[in-house]
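*Asks:* Structure provided below as structure tokens; questions to follow.
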Amino acid sequence: MEIVAKQGKLKDSTIVTIRPMVKGDADALVKFFKSLPDDLLLFVRHNVRDESVVRIWAENLDYKRVFPLLATVENKIVADVTLHRVPFGWKRHLGKVRIVVSPEYQKLGLATLMLNEIVDLAAEFGLEKLWAEVPLDSRGAIAAFRNAGFSCKAVIEDLVKDKEGRNADILIMICDVAAHYDQ
Ligand SMILES: CC(C)(COP(=O)(O)OP(=O)(O)OC[C@H]1O[C@@H](n2cnc3c(N)ncnc32)[C@H](O)[C@@H]1OP(=O)(O)O)[C@@H](O)C(=O)NCCC(=O)NCCS
């Protein structure tokens, strides 16, 4: 698979570069995660404030398992989206998507841009469906995934914890990759 960087334009005319993460991104990614407020890290499954976690990812990149796509502005990472794949079994045709955008670059269309790229990549990988879990109260997340062709499939009440430890609801959103391209 050919790995290429693409340029995109945000609503405020900022030009971003969107490209797969490479080994040399470790330092910039450590900085990116350190810059994020605690509430944004709630959606990340690992302790990314521990820089060894990020460095181990960079050393062990395996695009067939996890495909990380970064957005950069003047070499600074401003968003990270990951496409997670399951190699065998009944979920082998699915990809799970997670995304986090730096607060200064939110509401500018960046998540929409990156999620559109992920849907293109999923089609290239031969994945049939993409799965995302978003907070039910996050208008921005729901809108960004919808813009990229995902639709709302289920709500699971009280499944996760917010930062105060209260139960919160999540929404499962799915993109039917083939149907998306037929439209
Ligand atoms: C959810 C998130 C990725 C959205 O990123 P973003 O770059 O701001 O998204 P976009 O700019 O593409 O927004 C999509 C739409 O939602 C709107 N929007 C974004 N944030 C919004 C908010 N807080 N309230 C209302 N609308 C919002 C945008 O204006 C845009 O509108 P449009 O469709 O008319 O153009 C970002 O807020 C984030 O990183 N949140 C924390 C992590 C998270 O929740 N991830 C999702 C679960 S994996």
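Residues are named by chain letter and number: chains run A, B, ... in the order of the structure tokens, numbers start at 1 in each chain, and ligands are numbered from 1 in the order shown.
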Counting only C-alpha atoms and all ligand atoms, what residues are within 6 Å of ligand 1, given as a list in words?
*Replies:*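 So the residues close to ligand 1 are Leu40, Phe43, Arg98, Ile99, Val100, Val101, Gln106, Lys107, Leu108, Gly109, Leu110, Ala111, Thr112, Glu133, Val134, Arg139, Gly140, Ala141, Ala143 and Ala144 of chain A.
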*Asks:* Excluding Val97 of chain A and any residue of its chain fewer than 4 positions from it, enumerate the residues within 12 Å of it, using only C-alpha atoms, and give them as a PyMOL selection string.
*Replies:* chain A and resi 43-44+66-69+80-85+111+114-119+121-122+129-134+141+145+148+150+172-175
*Asks:* Calculate how many Å separate atom CA of Asp38 of chain A from atom CA of Val155 of chain A, rounding to one decimal.
*Replies:*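 Atom CA of Val155 of chain A lies 24.4 Å from atom CA of Asp38 of chain A.
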*Asks:* So that I can check the secondary structure, give me every residue of chain A assigned strand (DSSP E or B) by backbone DSSP, as a ChimeraX atom specification.
*Replies:* /A:6-9,15-20,66-73,76-85,94-101,129-135,151-161,167-176
*Asks:* Need the shell around segment 21-25 of chain A: protein/DNA/RNA residues with any atom at most 10 Å away, counting only C-alpha atoms. Skip same-chain ones fewer than 3 positions apart. Format as a compact mmCIF listing (two decimals) with N, CA and C atoms, in the first residue's frame?
*Replies:*
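Everything below was put into out.txt:
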# COMPACT_ATOMS: atom_id res chain seq x y z
N ILE A 18 -2.32 15.66 6.40
CA ILE A 18 -2.87 14.43 6.97
C ILE A 18 -2.04 13.27 6.43
N ALA A 28 6.82 14.25 18.82
CA ALA A 28 5.69 15.16 18.55
C ALA A 28 4.39 14.60 19.13
N LEU A 29 4.26 13.28 19.12
CA LEU A 29 3.02 12.68 19.65
C LEU A 29 2.99 12.76 21.18
N VAL A 30 4.17 12.59 21.79
CA VAL A 30 4.26 12.76 23.25
C VAL A 30 3.79 14.18 23.61
N VAL A 54 3.74 5.92 24.44
CA VAL A 54 3.73 6.47 23.07
C VAL A 54 4.96 6.00 22.30
N ARG A 55 6.11 5.95 22.99
CA ARG A 55 7.34 5.54 22.32
C ARG A 55 7.26 4.06 21.90
N ILE A 56 6.64 3.25 22.72
CA ILE A 56 6.48 1.82 22.36
C ILE A 56 5.59 1.70 21.12
N TRP A 57 4.53 2.51 21.05
CA TRP A 57 3.68 2.49 19.84
C TRP A 57 4.52 2.82 18.61
N ALA A 58 5.31 3.89 18.74
CA ALA A 58 6.08 4.36 17.57
C ALA A 58 7.07 3.30 17.11
N GLU A 59 7.66 2.57 18.08
CA GLU A 59 8.64 1.53 17.75
C GLU A 59 7.98 0.31 17.10
N ASN A 60 6.72 0.10 17.43
CA ASN A 60 6.06 -1.16 17.01
C ASN A 60 4.90 -0.94 16.06
N LEU A 61 5.02 0.04 15.20
CA LEU A 61 3.92 0.33 14.27
C LEU A 61 3.61 -0.89 13.40
N TYR A 63 0.66 -1.31 10.65
CA TYR A 63 -0.53 -0.71 10.03
C TYR A 63 -1.67 -1.70 9.82
N PHE A 67 -3.96 1.43 12.43
CA PHE A 67 -3.50 2.42 11.45
C PHE A 67 -3.70 3.81 12.06
N PRO A 68 -2.63 4.50 12.48
CA PRO A 68 -2.79 5.83 13.06
C PRO A 68 -2.56 6.90 12.00
N LEU A 69 -3.52 7.79 11.89
CA LEU A 69 -3.43 8.89 10.93
C LEU A 69 -3.31 10.18 11.74
N LEU A 70 -2.34 11.01 11.37
CA LEU A 70 -2.11 12.25 12.13
C LEU A 70 -2.45 13.46 11.26
N ALA A 71 -2.86 14.54 11.93
CA ALA A 71 -2.97 15.84 11.24
C ALA A 71 -1.92 16.73 11.84
N ASN A 75 4.32 21.08 11.34
CA ASN A 75 5.01 19.97 12.04
C ASN A 75 4.52 19.70 13.45
N LYS A 76 3.48 20.41 13.90
CA LYS A 76 2.91 20.11 15.23
C LYS A 76 1.69 19.22 15.01
N ILE A 77 1.60 18.14 15.82
CA ILE A 77 0.44 17.25 15.68
C ILE A 77 -0.78 17.91 16.33
N ASP A 80 -5.34 13.10 16.02
CA ASP A 80 -4.90 11.71 15.87
C ASP A 80 -6.16 10.85 15.71
N VAL A 81 -6.19 10.07 14.64
CA VAL A 81 -7.30 9.13 14.49
C VAL A 81 -6.70 7.75 14.27
N THR A 82 -7.29 6.74 14.90
CA THR A 82 -6.75 5.39 14.74
C THR A 82 -7.84 4.45 14.22
*Asks:* Among segment 61-179 of chain A, which ones does DSSP place in helix (DSSP H, G or I), written as a ChimeraX atom specification?
*Replies:* /A:89-91,103-105,110-125,139-147,177-179
*Asks:* Those same residues - N, CA and C atoms - I'd like them written as an mmCIF file, in the first residue's frame.
*Replies:*
data_model
loop_
_atom_site.group_PDB
_atom_site.id
_atom_site.type_symbol
_atom_site.label_atom_id
_atom_site.label_comp_id
_atom_site.auth_asym_id
_atom_site.auth_seq_id
_atom_site.Cartn_x
_atom_site.Cartn_y
_atom_site.Cartn_z
ATOM 1 N N GLY A 89 -11.490 -14.138 12.957
ATOM 2 C CA GLY A 89 -12.773 -14.320 13.639
ATOM 3 C C GLY A 89 -13.886 -13.463 13.081
ATOM 4 N N TRP A 90 -14.965 -13.408 13.828
ATOM 5 C CA TRP A 90 -16.207 -12.827 13.299
ATOM 6 C C TRP A 90 -16.165 -11.315 13.137
ATOM 7 N N LYS A 91 -15.100 -10.684 13.623
ATOM 8 C CA LYS A 91 -14.994 -9.236 13.450
ATOM 9 C C LYS A 91 -13.907 -8.856 12.446
ATOM 10 N N PRO A 103 -7.994 20.902 21.236
ATOM 11 C CA PRO A 103 -9.076 21.877 21.422
ATOM 12 C C PRO A 103 -8.954 23.110 20.535
ATOM 13 N N GLU A 104 -7.724 23.597 20.279
ATOM 14 C CA GLU A 104 -7.603 24.816 19.428
ATOM 15 C C GLU A 104 -8.015 24.575 17.985
ATOM 16 N N TYR A 105 -8.081 23.303 17.568
ATOM 17 C CA TYR A 105 -8.421 23.020 16.171
ATOM 18 C C TYR A 105 -9.808 22.386 16.027
ATOM 19 N N LEU A 110 -11.921 19.520 11.075
ATOM 20 C CA LEU A 110 -10.760 18.622 11.021
ATOM 21 C C LEU A 110 -11.153 17.164 11.233
ATOM 22 N N ALA A 111 -12.014 16.898 12.230
ATOM 23 C CA ALA A 111 -12.424 15.505 12.453
ATOM 24 C C ALA A 111 -13.128 14.972 11.209
ATOM 25 N N THR A 112 -13.980 15.785 10.609
ATOM 26 C CA THR A 112 -14.700 15.354 9.403
ATOM 27 C C THR A 112 -13.708 14.977 8.299
ATOM 28 N N LEU A 113 -12.704 15.836 8.119
ATOM 29 C CA LEU A 113 -11.681 15.591 7.093
ATOM 30 C C LEU A 113 -10.957 14.262 7.343
ATOM 31 N N MET A 114 -10.553 14.055 8.601
ATOM 32 C CA MET A 114 -9.775 12.853 8.923
ATOM 33 C C MET A 114 -10.632 11.590 8.850
ATOM 34 N N LEU A 115 -11.878 11.695 9.282
ATOM 35 C CA LEU A 115 -12.746 10.513 9.246
ATOM 36 C C LEU A 115 -13.066 10.131 7.796
ATOM 37 N N ASN A 116 -13.184 11.135 6.932
ATOM 38 C CA ASN A 116 -13.369 10.814 5.507
ATOM 39 C C ASN A 116 -12.168 10.033 4.967
ATOM 40 N N GLU A 117 -10.969 10.419 5.392
ATOM 41 C CA GLU A 117 -9.754 9.693 4.976
ATOM 42 C C GLU A 117 -9.787 8.258 5.488
ATOM 43 N N ILE A 118 -10.247 8.090 6.738
ATOM 44 C CA ILE A 118 -10.294 6.742 7.336
ATOM 45 C C ILE A 118 -11.286 5.851 6.577
ATOM 46 N N VAL A 119 -12.406 6.436 6.140
ATOM 47 C CA VAL A 119 -13.380 5.640 5.375
ATOM 48 C C VAL A 119 -12.752 5.213 4.033
ATOM 49 N N ASP A 120 -12.009 6.123 3.400
ATOM 50 C CA ASP A 120 -11.306 5.762 2.152
ATOM 51 C C ASP A 120 -10.305 4.632 2.399
ATOM 52 N N LEU A 121 -9.563 4.758 3.486
ATOM 53 C CA LEU A 121 -8.568 3.729 3.823
ATOM 54 C C LEU A 121 -9.233 2.384 4.090
ATOM 55 N N ALA A 122 -10.358 2.429 4.806
ATOM 56 C CA ALA A 122 -11.079 1.194 5.140
ATOM 57 C C ALA A 122 -11.484 0.486 3.848
ATOM 58 N N ALA A 123 -11.923 1.272 2.862
ATOM 59 C CA ALA A 123 -12.324 0.681 1.579
ATOM 60 C C ALA A 123 -11.102 0.035 0.917
ATOM 61 N N GLU A 124 -9.966 0.726 0.992
ATOM 62 C CA GLU A 124 -8.732 0.191 0.408
ATOM 63 C C GLU A 124 -8.301 -1.104 1.102
ATOM 64 N N PHE A 125 -8.505 -1.150 2.433
ATOM 65 C CA PHE A 125 -8.147 -2.350 3.203
ATOM 66 C C PHE A 125 -9.150 -3.487 2.994
ATOM 67 N N ARG A 139 -22.218 16.558 20.780
ATOM 68 C CA ARG A 139 -22.780 16.959 19.473
ATOM 69 C C ARG A 139 -21.705 16.963 18.398
ATOM 70 N N GLY A 140 -20.496 17.418 18.777
ATOM 71 C CA GLY A 140 -19.409 17.509 17.807
ATOM 72 C C GLY A 140 -19.020 16.135 17.278
ATOM 73 N N ALA A 141 -18.885 15.157 18.183
ATOM 74 C CA ALA A 141 -18.477 13.809 17.760
ATOM 75 C C ALA A 141 -19.546 13.196 16.861
ATOM 76 N N ILE A 142 -20.794 13.320 17.259
ATOM 77 C CA ILE A 142 -21.878 12.714 16.462
ATOM 78 C C ILE A 142 -21.916 13.364 15.079
ATOM 79 N N ALA A 143 -21.776 14.687 15.037
ATOM 80 C CA ALA A 143 -21.835 15.393 13.753
ATOM 81 C C ALA A 143 -20.656 14.995 12.864
ATOM 82 N N ALA A 144 -19.457 14.904 13.444
ATOM 83 C CA ALA A 144 -18.275 14.579 12.640
ATOM 84 C C ALA A 144 -18.407 13.172 12.033
ATOM 85 N N PHE A 145 -18.823 12.192 12.848
ATOM 86 C CA PHE A 145 -18.967 10.829 12.321
ATOM 87 C C PHE A 145 -20.093 10.765 11.280
ATOM 88 N N ARG A 146 -21.189 11.477 11.531
ATOM 89 C CA ARG A 146 -22.279 11.518 10.537
ATOM 90 C C ARG A 146 -21.778 12.102 9.218
ATOM 91 N N ASN A 147 -21.025 13.194 9.301
ATOM 92 C CA ASN A 147 -20.499 13.834 8.087
ATOM 93 C C ASN A 147 -19.699 12.845 7.245
ATOM 94 N N VAL A 177 -19.192 0.666 4.710
ATOM 95 C CA VAL A 177 -18.207 1.240 3.792
ATOM 96 C C VAL A 177 -18.635 1.070 2.324
ATOM 97 N N ALA A 178 -19.061 -0.145 1.963
ATOM 98 C CA ALA A 178 -19.432 -0.372 0.562
ATOM 99 C C ALA A 178 -20.640 0.482 0.190
ATOM 100 N N ALA A 179 -21.646 0.496 1.051
ATOM 101 C CA ALA A 179 -22.869 1.269 0.762
ATOM 102 C C ALA A 179 -22.531 2.752 0.642
#
*Asks:* Check the smallest atom-to-atom distance from each of A:Leu136, A:Cys152, A:Val86, A:Leu127 to Asp169 of chain A using only C-alpha atoms, then report the winner.
*Replies:*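 For Asp169 of chain A, the nearest of the given residues is A:Leu136.
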*Asks:* Quick one: of A:Ile170, A:Ile15, A:Ala26, A:Val78, who's nearest to Val53 of chain A, counting only C-alpha atoms?
*Replies:* A:Ala26
*Asks:* Considering only C-alpha atoms, state which residue in the set A:Lys9, A:Arg166, A:His180, A:Arg19 is at the smallest distance from Thr72 of chain A.
*Replies:*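 Nearest to Thr72 of chain A: A:Arg19.
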